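Engineer: Okay, handing you the structure first.
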Amino acid sequence: MDGGQLRVRVVGEGGNLGLTQRGRIEFARAGGKVNTDALDNSAGWTAPTTRVNIKILLDRLVDSGELGRADRDQLLRQMTEDVGELVLADNRAQNAELGIARSTAAALVEVHGRMIADLEARRGLDRALEELPDQDALA
């Protein structure tokens, strides 16, 4: 921000913790669009995890003799683009859901406040650590 003016409108984090939570909040309050790094990096996490799970499944078929190693490798190569598209579609869907959540956040602030209070009381949520407002600020 320069003299109170927001120059950057969108931040996409390519690495872990490019911004602090406080920085994300300040940026969003100034009109910027920002996700947590976990959401921005979700496709980068989902792709290798999906690949490993597919390999585990196919390796069971190889071990049982139902699929040859060369056929397994060929199938993995053939699936690469489809798996990539599925991972990216999942990432886009997450962002769409987050957009909907953002658009209804103000109307649901009382619900969010109750949920935060419940998590704090029953699950040990630390408002200060998570940069969450107290009940008075939410009101």
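Scheme for the structure tokens: letters A, B, ... for chains in order shown; per-chain residue numbers from 1; ligand numbers from 1 in order shown.
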Give me, as a ChimeraX atom specification, all polymer residues having an atom no more than 12 Å from A:Met79, counting only C-alpha atoms and skipping those fewer than 4 positions away in the same chain.
Structural biologist: /A:50-51,54-55,72-75,83-86
Engineer: Quote the spacing between atom CA of A:Leu108 and atom CA of A:Ala121 in Å to one decimal place.
Structural biologist: 20.0 Å
Engineer: Give me, please, the distance in Å between atom CA of A:Ile25 and atom CA of A:Ala137, quoted to one decimal.
Structural biologist: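 That distance, rounded to one decimal, is 14.3 Å.
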Engineer: State, in Å with one decimal place, the distance from atom CA of A:Arg114 to atom CA of A:Gly32.
Structural biologist: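 Pair atom CA of A:Arg114 / atom CA of A:Gly32 returns 26.4 Å.
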Engineer: Just want the 12 Å neighbourhood of A:Ala96, counted on only C-alpha atoms, with same-chain residues fewer than 6 positions away dropped. Output as JSON, numbers by chain.
Structural biologist: {"A": [35, 39, 89, 90, 102, 103]}
Engineer: With all heavy atoms retained, write the just-selected residues as a PDB file, in the first residue's frame.
Structural biologist:
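Writing done, so here's part.pdb:
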ATOM      1  N   ASN A  35      -5.948 -15.559  -0.502  1.00  0.00           N
ATOM      2  CA  ASN A  35      -6.272 -16.814   0.153  1.00  0.00           C
ATOM      3  C   ASN A  35      -5.155 -17.143   1.126  1.00  0.00           C
ATOM      4  O   ASN A  35      -4.099 -16.507   1.121  1.00  0.00           O
ATOM      5  CB  ASN A  35      -6.359 -17.960  -0.862  1.00  0.00           C
ATOM      6  CG  ASN A  35      -7.459 -17.777  -1.864  1.00  0.00           C
ATOM      7  OD1 ASN A  35      -8.511 -17.224  -1.565  1.00  0.00           O
ATOM      8  ND2 ASN A  35      -7.231 -18.244  -3.082  1.00  0.00           N
ATOM      9  N   LEU A  39      -4.595 -22.911   0.534  1.00  0.00           N
ATOM     10  CA  LEU A  39      -5.522 -22.975  -0.591  1.00  0.00           C
ATOM     11  C   LEU A  39      -4.796 -22.721  -1.905  1.00  0.00           C
ATOM     12  O   LEU A  39      -4.998 -23.430  -2.887  1.00  0.00           O
ATOM     13  CB  LEU A  39      -6.669 -21.977  -0.421  1.00  0.00           C
ATOM     14  CG  LEU A  39      -7.744 -22.073  -1.486  1.00  0.00           C
ATOM     15  CD1 LEU A  39      -8.438 -23.432  -1.442  1.00  0.00           C
ATOM     16  CD2 LEU A  39      -8.768 -20.979  -1.325  1.00  0.00           C
ATOM     17  N   ALA A  89      -9.335 -28.775 -11.562  1.00  0.00           N
ATOM     18  CA  ALA A  89     -10.781 -28.557 -11.398  1.00  0.00           C
ATOM     19  C   ALA A  89     -11.130 -28.498  -9.913  1.00  0.00           C
ATOM     20  O   ALA A  89     -11.942 -27.658  -9.485  1.00  0.00           O
ATOM     21  CB  ALA A  89     -11.576 -29.664 -12.094  1.00  0.00           C
ATOM     22  N   ASP A  90     -10.523 -29.361  -9.116  1.00  0.00           N
ATOM     23  CA  ASP A  90     -10.754 -29.342  -7.673  1.00  0.00           C
ATOM     24  C   ASP A  90     -10.276 -28.022  -7.077  1.00  0.00           C
ATOM     25  O   ASP A  90     -10.966 -27.415  -6.254  1.00  0.00           O
ATOM     26  CB  ASP A  90     -10.031 -30.517  -7.024  1.00  0.00           C
ATOM     27  CG  ASP A  90     -10.268 -30.594  -5.533  1.00  0.00           C
ATOM     28  OD1 ASP A  90     -11.439 -30.720  -5.130  1.00  0.00           O
ATOM     29  OD2 ASP A  90      -9.282 -30.514  -4.772  1.00  0.00           O
ATOM     30  N   ARG A 102     -17.033 -15.883   1.023  1.00  0.00           N
ATOM     31  CA  ARG A 102     -16.702 -14.465   1.232  1.00  0.00           C
ATOM     32  C   ARG A 102     -17.916 -13.575   0.997  1.00  0.00           C
ATOM     33  O   ARG A 102     -18.121 -12.602   1.709  1.00  0.00           O
ATOM     34  CB  ARG A 102     -15.586 -14.045   0.283  1.00  0.00           C
ATOM     35  CG  ARG A 102     -14.219 -14.484   0.694  1.00  0.00           C
ATOM     36  CD  ARG A 102     -13.174 -13.972  -0.279  1.00  0.00           C
ATOM     37  NE  ARG A 102     -11.856 -14.329   0.155  1.00  0.00           N
ATOM     38  CZ  ARG A 102     -10.935 -14.862  -0.628  1.00  0.00           C
ATOM     39  NH1 ARG A 102     -11.193 -15.067  -1.907  1.00  0.00           N
ATOM     40  NH2 ARG A 102      -9.747 -15.161  -0.157  1.00  0.00           N
ATOM     41  N   SER A 103     -18.711 -13.905   0.005  1.00  0.00           N
ATOM     42  CA  SER A 103     -19.851 -13.049  -0.328  1.00  0.00           C
ATOM     43  C   SER A 103     -20.942 -13.115   0.736  1.00  0.00           C
ATOM     44  O   SER A 103     -21.753 -12.192   0.842  1.00  0.00           O
ATOM     45  CB  SER A 103     -20.423 -13.420  -1.698  1.00  0.00           C
ATOM     46  OG  SER A 103     -21.095 -14.657  -1.648  1.00  0.00           O
TER      47      SER A 103
END
Engineer: Would you give me, as a PyMOL selection string, the residues in stretch 10-131 of chain A that DSSP reads as strand (DSSP E or B)?
Structural biologist: chain A and resi 10-11+33-34
Engineer: Residues within 10 Å of A:Val8, please, as a VMD selection string. Count only C-alpha atoms; anything in the same chain fewer than 5 positions from it doesn't count.
Structural biologist: chain A and resid 1 27 31 to 33
